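Engineer: run.tsv is the file, holding TSV, C-alpha atoms:
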```tsv
chain	number	residue	atom	x	y	z
A	1	PRO	CA	0.00	0.00	0.00
A	2	GLY	CA	1.15	3.52	-0.75
A	3	PRO	CA	0.23	6.66	-2.65
A	4	PRO	CA	-1.41	6.18	-6.05
A	5	ALA	CA	1.04	5.73	-8.91
A	6	PRO	CA	1.56	9.06	-10.69
A	7	ASP	CA	1.00	9.36	-14.40
A	8	VAL	CA	4.60	10.59	-14.74
A	9	LEU	CA	7.69	10.14	-12.57
A	10	ILE	CA	10.51	12.58	-13.39
A	11	ALA	CA	14.00	11.67	-12.21
A	12	GLY	CA	16.10	14.82	-11.95
A	13	ALA	CA	15.08	18.30	-10.81
A	14	GLY	CA	17.30	20.57	-12.83
A	15	ALA	CA	15.91	22.99	-15.39
A	16	PHE	CA	14.68	20.24	-17.70
A	17	GLY	CA	13.03	18.16	-15.01
A	18	LEU	CA	11.34	21.14	-13.35
A	19	TRP	CA	9.90	22.56	-16.57
A	20	THR	CA	8.81	19.07	-17.67
A	21	ALA	CA	6.94	18.64	-14.39
A	22	ARG	CA	5.20	21.99	-14.91
A	23	ALA	CA	4.24	21.10	-18.48
A	24	CYS	CA	2.87	17.70	-17.48
A	25	ARG	CA	0.88	19.19	-14.61
A	26	ALA	CA	-0.58	21.84	-16.93
A	27	ARG	CA	-1.91	18.98	-19.06
A	28	GLY	CA	-3.75	17.49	-16.09
A	29	LEU	CA	-1.31	14.66	-15.38
A	30	SER	CA	-0.37	13.60	-11.87
A	31	VAL	CA	3.37	14.04	-11.36
A	32	ALA	CA	6.09	12.95	-8.96
A	33	LEU	CA	9.54	14.54	-9.09
A	34	CYS	CA	12.64	13.09	-7.44
A	35	ASP	CA	16.22	14.27	-7.15
A	36	VAL	CA	19.49	13.44	-5.43
A	37	GLY	CA	19.28	16.78	-3.55
A	38	ARG	CA	16.62	19.22	-2.47
A	39	ILE	CA	14.29	20.09	-5.34
A	40	GLY	CA	14.58	23.78	-6.06
A	41	ASP	CA	18.28	23.89	-5.06
A	42	PRO	CA	19.78	22.65	-8.33
A	43	ALA	CA	23.29	21.38	-8.89
A	44	GLY	CA	25.34	20.99	-12.04
A	45	ALA	CA	24.38	22.91	-15.15
A	46	SER	CA	21.22	24.33	-13.57
A	47	ALA	CA	23.02	25.87	-10.61
A	48	THR	CA	24.69	28.87	-12.20
A	49	PRO	CA	23.62	32.14	-13.87
A	50	VAL	CA	23.45	32.29	-17.66
A	51	GLY	CA	24.60	35.76	-18.59
A	52	ALA	CA	24.09	35.45	-22.33
A	53	LEU	CA	21.34	33.24	-23.73
A	54	ALA	CA	22.14	34.23	-27.29
A	55	PRO	CA	20.78	33.02	-30.62
A	56	HIS	CA	23.09	31.70	-33.30
A	57	ARG	CA	23.43	33.77	-36.46
A	58	PRO	CA	20.21	33.44	-38.44
A	59	THR	CA	21.80	32.20	-41.68
A	60	PRO	CA	21.75	29.44	-42.71
A	61	TRP	CA	18.41	28.75	-40.99
A	62	THR	CA	18.01	25.21	-39.63
A	63	PRO	CA	15.34	23.31	-37.67
A	64	LEU	CA	17.61	23.42	-34.60
A	65	LYS	CA	17.91	27.21	-34.86
A	66	ALA	CA	14.13	27.43	-35.23
A	67	LEU	CA	13.72	25.46	-32.00
A	68	GLN	CA	16.26	27.68	-30.25
A	69	PHE	CA	14.52	30.84	-31.42
A	70	GLU	CA	11.16	29.53	-30.23
A	71	ALA	CA	12.62	28.78	-26.79
A	72	ILE	CA	14.42	32.13	-26.36
A	73	GLY	CA	11.45	34.07	-27.70
A	74	ASP	CA	8.85	32.27	-25.61
A	75	LEU	CA	10.72	32.06	-22.31
A	76	PRO	CA	10.04	35.58	-20.92
A	77	ALA	CA	6.28	35.08	-21.11
A	78	ARG	CA	6.57	31.75	-19.31
A	79	LEU	CA	8.79	33.29	-16.64
A	80	ALA	CA	6.43	36.24	-16.21
A	81	ALA	CA	3.56	33.80	-15.63
A	82	LEU	CA	5.68	31.90	-13.11
A	83	GLU	CA	6.56	35.11	-11.25
A	84	ALA	CA	2.93	36.24	-11.16
A	85	GLU	CA	1.86	32.83	-9.86
A	86	THR	CA	4.47	32.53	-7.11
A	87	GLY	CA	5.45	36.12	-6.27
A	88	LEU	CA	9.10	35.10	-6.70
A	89	ALA	CA	11.52	36.87	-9.05
A	90	THR	CA	13.39	34.67	-11.52
A	91	GLY	CA	16.17	37.12	-12.34
A	92	ALA	CA	15.61	36.88	-16.09
A	93	GLY	CA	15.85	39.71	-18.57
A	94	ARG	CA	16.42	40.57	-22.21
A	95	PRO	CA	19.33	43.04	-22.44
A	96	GLY	CA	20.16	42.35	-26.10
A	97	ARG	CA	23.61	41.96	-27.63
A	98	LEU	CA	26.22	44.07	-29.41
A	99	ALA	CA	28.42	41.88	-31.63
A	100	VAL	CA	31.62	43.77	-32.56
A	101	LEU	CA	32.49	43.48	-36.25
A	102	SER	CA	36.14	42.67	-36.95
A	103	ALA	CA	35.84	43.71	-40.62
A	104	PRO	CA	33.46	45.81	-42.72
A	105	LEU	CA	30.23	44.13	-43.69
A	106	PRO	CA	30.20	43.38	-47.41
A	107	GLU	CA	26.53	44.26	-47.40
A	108	ALA	CA	23.77	45.00	-44.98
A	109	PRO	CA	22.77	41.89	-43.00
A	110	ALA	CA	19.68	40.20	-44.30
A	111	PRO	CA	16.62	40.58	-42.09
A	112	PRO	CA	16.70	37.59	-39.73
A	113	PRO	CA	13.85	35.11	-39.47
A	114	TRP	CA	13.20	36.31	-35.93
A	115	PRO	CA	9.60	37.58	-35.97
A	116	GLY	CA	9.16	40.35	-33.44
A	117	PHE	CA	12.90	40.95	-32.93
A	118	THR	CA	15.55	42.93	-34.80
A	119	ARG	CA	19.19	42.59	-35.81
A	120	ARG	CA	20.80	45.65	-37.34
A	121	HIS	CA	24.20	47.19	-38.14
A	122	ILE	CA	24.81	50.34	-36.07
A	123	PRO	CA	27.83	52.50	-35.12
A	124	ALA	CA	29.61	51.54	-31.93
A	125	PRO	CA	28.20	53.28	-28.83
A	126	PRO	CA	30.54	55.61	-26.90
A	127	GLY	CA	33.26	53.75	-25.01
A	128	LEU	CA	33.22	50.63	-27.21
A	129	GLU	CA	36.08	50.28	-29.70
A	130	ALA	CA	34.52	48.93	-32.90
A	131	PRO	CA	35.71	50.78	-36.04
A	132	HIS	CA	33.40	48.72	-38.24
A	133	GLY	CA	30.40	49.08	-35.99
A	134	VAL	CA	28.36	46.39	-34.28
A	135	LEU	CA	25.48	44.09	-35.05
A	136	ALA	CA	22.83	44.81	-32.44
A	137	ASP	CA	20.05	42.34	-31.63
A	138	ASP	CA	17.27	42.64	-29.08
A	139	LEU	CA	16.71	38.88	-28.74
A	140	THR	CA	19.66	37.90	-26.51
A	141	ALA	CA	18.46	37.18	-22.98
A	142	ARG	CA	19.90	36.30	-19.58
A	143	LEU	CA	18.74	33.74	-17.04
A	144	ASP	CA	19.20	32.96	-13.37
A	145	PRO	CA	18.46	29.21	-13.19
A	146	PRO	CA	18.79	28.92	-9.38
A	147	ARG	CA	16.15	31.62	-8.79
A	148	THR	CA	13.98	30.13	-11.53
A	149	ALA	CA	14.29	26.70	-9.91
A	150	ALA	CA	13.13	28.09	-6.56
A	151	ALA	CA	10.08	29.63	-8.22
A	152	LEU	CA	9.32	26.40	-10.07
A	153	ARG	CA	9.47	24.42	-6.82
A	154	ALA	CA	6.94	26.77	-5.25
A	155	ALA	CA	4.63	26.47	-8.24
A	156	LEU	CA	4.92	22.68	-8.40
A	157	ALA	CA	4.26	22.26	-4.70
A	158	ALA	CA	1.16	24.44	-4.97
A	159	ALA	CA	0.00	22.40	-7.96
A	160	GLY	CA	0.14	19.13	-6.03
A	161	VAL	CA	3.30	17.64	-7.52
A	162	ALA	CA	4.86	15.06	-5.19
A	163	LEU	CA	8.39	16.33	-4.41
A	164	HIS	CA	10.91	13.68	-3.31
A	165	ASP	CA	13.89	15.57	-1.89
A	166	ALA	CA	17.17	13.64	-1.50
A	167	ASP	CA	15.43	10.56	-2.91
A	168	PRO	CA	16.93	9.72	-6.32
A	169	LEU	CA	15.87	7.03	-8.76
A	170	ARG	CA	17.81	3.85	-8.01
A	171	ALA	CA	16.39	1.32	-10.44
A	172	ALA	CA	13.97	1.30	-13.34
A	173	GLU	CA	13.35	-2.02	-15.03
A	174	SER	CA	10.26	-0.26	-16.34
A	175	PRO	CA	8.17	2.76	-15.24
A	176	ALA	CA	5.90	0.38	-13.37
A	177	ALA	CA	8.92	-1.04	-11.52
A	178	ALA	CA	10.69	2.23	-10.75
A	179	ARG	CA	12.38	2.33	-7.37
A	180	LEU	CA	13.60	5.40	-5.47
A	181	ALA	CA	16.16	5.32	-2.66
A	182	SER	CA	13.20	5.28	-0.26
A	183	GLY	CA	11.47	2.37	-1.96
A	184	PRO	CA	9.22	1.45	-4.91
A	185	ARG	CA	7.58	4.31	-6.82
A	186	PRO	CA	5.73	2.87	-9.83
A	187	ALA	CA	4.48	5.30	-12.46
A	188	GLY	CA	2.73	5.32	-15.79
A	189	ALA	CA	5.71	6.89	-17.54
A	190	LEU	CA	9.26	7.78	-16.59
A	191	VAL	CA	11.25	10.86	-17.64
A	192	LEU	CA	15.03	10.64	-17.21
A	193	ALA	CA	16.30	14.18	-16.58
A	194	ALA	CA	19.36	13.59	-14.41
A	195	GLY	CA	21.98	14.76	-16.88
A	196	ALA	CA	24.99	12.50	-17.35
A	197	ALA	CA	23.66	10.15	-14.63
A	198	ALA	CA	20.24	9.77	-16.28
A	199	PHE	CA	20.81	6.24	-17.63
A	200	ASP	CA	22.45	4.78	-14.49
A	201	PRO	CA	19.23	3.32	-13.00
A	202	LEU	CA	18.36	1.44	-16.19
A	203	PRO	CA	19.08	-2.29	-16.64
A	204	ALA	CA	22.63	-3.02	-17.83
A	205	GLU	CA	21.45	-4.62	-21.08
A	206	LEU	CA	19.50	-1.47	-21.94
A	207	ARG	CA	22.35	0.90	-20.97
A	208	ALA	CA	24.62	-1.02	-23.34
A	209	ARG	CA	22.40	-0.02	-26.28
A	210	LEU	CA	22.22	3.66	-25.37
A	211	PRO	CA	24.71	6.43	-26.16
A	212	ARG	CA	27.28	7.11	-23.47
A	213	LEU	CA	26.70	10.37	-21.58
A	214	GLU	CA	29.58	12.41	-20.17
A	215	PRO	CA	29.39	15.57	-18.04
A	216	GLU	CA	30.13	18.80	-19.92
A	217	HIS	CA	31.83	21.67	-18.13
A	218	GLY	CA	31.36	25.39	-18.57
A	219	GLN	CA	32.38	28.65	-17.01
A	220	ALA	CA	30.46	31.42	-15.30
A	221	ALA	CA	31.33	34.73	-13.68
A	222	ARG	CA	29.12	36.61	-11.25
A	223	LEU	CA	29.74	40.33	-11.75
A	224	ALA	CA	28.34	43.40	-10.02
A	225	VAL	CA	27.21	45.29	-13.13
A	226	ALA	CA	24.09	46.97	-14.45
A	227	LEU	CA	22.29	43.95	-15.85
A	228	ASP	CA	20.12	45.98	-18.21
A	229	LEU	CA	23.15	46.84	-20.35
A	230	PRO	CA	23.52	44.79	-23.54
A	231	VAL	CA	25.90	41.85	-23.71
A	232	ILE	CA	29.04	42.61	-25.75
A	233	GLN	CA	30.41	39.90	-28.03
A	234	ALA	CA	33.74	40.21	-29.84
A	235	PRO	CA	36.50	37.77	-30.87
A	236	GLY	CA	37.57	36.09	-27.63
A	237	LEU	CA	35.22	38.16	-25.51
A	238	TRP	CA	31.79	38.03	-23.93
```
Could you spell out this file's structure in C-alpha cells?
Structural biologist:
Amino acid sequence: PGPPAPDVLIAGAGAFGLWTARACRARGLSVALCDVGRIGDPAGASATPVGALAPHRPTPWTPLKALQFEAIGDLPARLAALEAETGLATGAGRPGRLAVLSAPLPEAPAPPPWPGFTRRHIPAPPGLEAPHGVLADDLTARLDPPRTAAALRAALAAAGVALHDADPLRAAESPAAARLASGPRPAGALVLAAGAAAFDPLPAELRARLPRLEPEHGQAARLAVALDLPVIQAPGLW
C-alpha cells in the first residue's frame, strides 16, 4: 500500500526536469519529481547564472535554430507567468547583444527570421572600440536558473506535484517497476532528466544499447554590473 502511482515520474530536478513537471501538470497529469538533492536547489548545469542566452546567427536557418529561437522568444512570457503565480523573481531579462564586427560588412545583413525581434548594423556606442560598428540584436536574454528553480518548486508544490527531496531514482526495469532510494515508486511513464547520470538506474542490457553520456563543463562569472546593459560579443570576448 502507498500513494497512487503518478502518471509521470521525473527523475532529476534541474531545469529540464522542473519545466517538464510543470508542463505535465498543466496537461492534467499527476506528477512525482525526485532528485538526489533538495528540489529547487539545483546542482550541475542548472546551478549557475546564464549571462548570455544568445541566438546563433540566423543564416543558414536550420530546424535546430528554429527550436532555439522559439525557446528564447517564448521564455520571458513563461517566466512572467511563473513570477505572477508565485510572487518570486526569476532574475531573467532581455538586455540584447552588441556583436563587434572585426571587418566591414560586405553588405547590410539580411533581415533575420526572428519575428518580433531585430538585428541591425549600427555604429559603436561611446566607449566601445569597434571601427566597423556592431550588429545589435534585441533577442539575446539572460537567465538565473537557481532563482527560476526556486520559483518552479513553489509552483509545483502548490499544484500538487509530489516532491521527493534527497530521494533519487535507483532502479527502473520499467516505469511500473521504478524504485527510489526510499522504496518502490511505480508510475505510468518515466522521464530521465538527471543529466549524465540519467541512464544509471536502467538495466545493464539497456544501458549497453544507449549512447554514453559524459558531463560537460562550462564557465560562469558573477559580476556586479548593471544587468540591463547589452551583452558585448567580440572575438575572444563576452
Engineer: Could you check the closest approach to Arg94 of chain A for each of A:Val134, A:Leu64, A:Leu143, A:Leu213 and tell me which residue wins, using all atoms listed in the file?
Structural biologist: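 Using all atoms listed in the file, the shortest distance to Arg94 of chain A belongs to A:Leu143.
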Engineer: Do you have the atom CA of Ala92 of chain A-atom CA of Ala234 of chain A distance handy?
Structural biologist: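 If I compute the distance from atom CA of Ala92 of chain A to atom CA of Ala234 of chain A, I get 23.0 Å.
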Engineer: Just how far from atom CA of His121 of chain A is atom CA of Gly93 of chain A, in Å to one decimal?
Structural biologist: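 Between atom CA of Gly93 of chain A and atom CA of His121 of chain A the gap is 22.6 Å.
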Engineer: Go through A:Gly160, A:Pro55, A:Ala181, A:Leu210 and flag the residue nearest Arg119 of chain A, using only C-alpha atoms for the distances.
Structural biologist: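 Ranked by minimum distance to Arg119 of chain A, first place goes to A:Pro55.
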Engineer: One number please: atom CA of Ile10 of chain A to atom CA of Ala157 of chain A, in Å, one decimal.
Structural biologist: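 Taking atom CA of Ile10 of chain A and atom CA of Ala157 of chain A, their separation equals 14.4 Å.
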Engineer: All heavy atoms are what I want for segment 85-96 of chain A; can you complete it accordingly and write them as a CSV table (one decimal), keeping the file's coordinate frame?
Structural biologist:
```csv
chain,number,residue,atom,x,y,z
A,85,GLU,N,2.5,33.9,-10.6
A,85,GLU,CA,1.9,32.8,-9.9
A,85,GLU,C,2.5,32.6,-8.5
A,85,GLU,O,1.8,32.3,-7.5
A,85,GLU,CB,2.0,31.6,-10.7
A,85,GLU,CG,1.3,30.3,-10.2
A,85,GLU,CD,1.5,29.1,-11.1
A,85,GLU,OE1,1.6,29.4,-12.3
A,85,GLU,OE2,1.6,28.0,-10.6
A,86,THR,N,3.8,32.8,-8.4
A,86,THR,CA,4.5,32.5,-7.1
A,86,THR,C,4.9,33.8,-6.3
A,86,THR,O,5.2,33.6,-5.1
A,86,THR,CB,5.7,31.7,-7.4
A,86,THR,OG1,6.6,32.5,-8.2
A,86,THR,CG2,5.4,30.4,-8.1
A,87,GLY,N,4.9,34.9,-6.9
A,87,GLY,CA,5.4,36.1,-6.3
A,87,GLY,C,6.9,36.1,-6.1
A,87,GLY,O,7.5,36.9,-5.4
A,88,LEU,N,7.6,35.2,-6.8
A,88,LEU,CA,9.1,35.1,-6.7
A,88,LEU,C,9.8,35.6,-8.0
A,88,LEU,O,9.3,35.2,-9.1
A,88,LEU,CB,9.5,33.7,-6.4
A,88,LEU,CG,9.0,33.0,-5.1
A,88,LEU,CD1,9.4,31.6,-5.1
A,88,LEU,CD2,9.5,33.8,-3.9
A,89,ALA,N,10.8,36.4,-7.9
A,89,ALA,CA,11.5,36.9,-9.0
A,89,ALA,C,12.4,35.8,-9.6
A,89,ALA,O,13.0,35.0,-8.8
A,89,ALA,CB,12.3,38.1,-8.7
A,90,THR,N,12.5,35.7,-10.9
A,90,THR,CA,13.4,34.7,-11.5
A,90,THR,C,14.7,35.2,-12.0
A,90,THR,O,15.6,34.5,-12.4
A,90,THR,CB,12.7,34.0,-12.7
A,90,THR,OG1,12.4,35.0,-13.7
A,90,THR,CG2,11.4,33.4,-12.3
A,91,GLY,N,14.9,36.5,-12.0
A,91,GLY,CA,16.2,37.1,-12.3
A,91,GLY,C,16.4,37.1,-13.8
A,91,GLY,O,17.6,37.3,-14.3
A,92,ALA,N,15.4,36.9,-14.6
A,92,ALA,CA,15.6,36.9,-16.1
A,92,ALA,C,15.5,38.3,-16.7
A,92,ALA,O,14.9,39.2,-16.1
A,92,ALA,CB,14.6,35.9,-16.7
A,93,GLY,N,16.0,38.4,-17.9
A,93,GLY,CA,15.8,39.7,-18.6
A,93,GLY,C,16.2,39.5,-20.0
A,93,GLY,O,16.7,38.5,-20.4
A,94,ARG,N,16.1,40.6,-20.8
A,94,ARG,CA,16.4,40.6,-22.2
A,94,ARG,C,17.2,41.8,-22.5
A,94,ARG,O,16.7,42.8,-23.1
A,94,ARG,CB,15.2,40.5,-23.1
A,94,ARG,CG,15.5,40.1,-24.5
A,94,ARG,CD,14.3,40.1,-25.4
A,94,ARG,NE,13.3,39.1,-25.1
A,94,ARG,CZ,13.4,37.8,-25.5
A,94,ARG,NH1,14.4,37.4,-26.1
A,94,ARG,NH2,12.4,37.0,-25.2
A,95,PRO,N,18.5,41.8,-22.2
A,95,PRO,CA,19.3,43.0,-22.4
A,95,PRO,C,19.8,43.3,-23.9
A,95,PRO,O,20.2,44.3,-24.2
A,95,PRO,CB,20.5,42.8,-21.5
A,95,PRO,CG,20.7,41.3,-21.5
A,95,PRO,CD,19.3,40.8,-21.5
A,96,GLY,N,19.7,42.2,-24.7
A,96,GLY,CA,20.2,42.4,-26.1
A,96,GLY,C,21.7,42.1,-26.2
A,96,GLY,O,22.3,41.9,-25.2
```
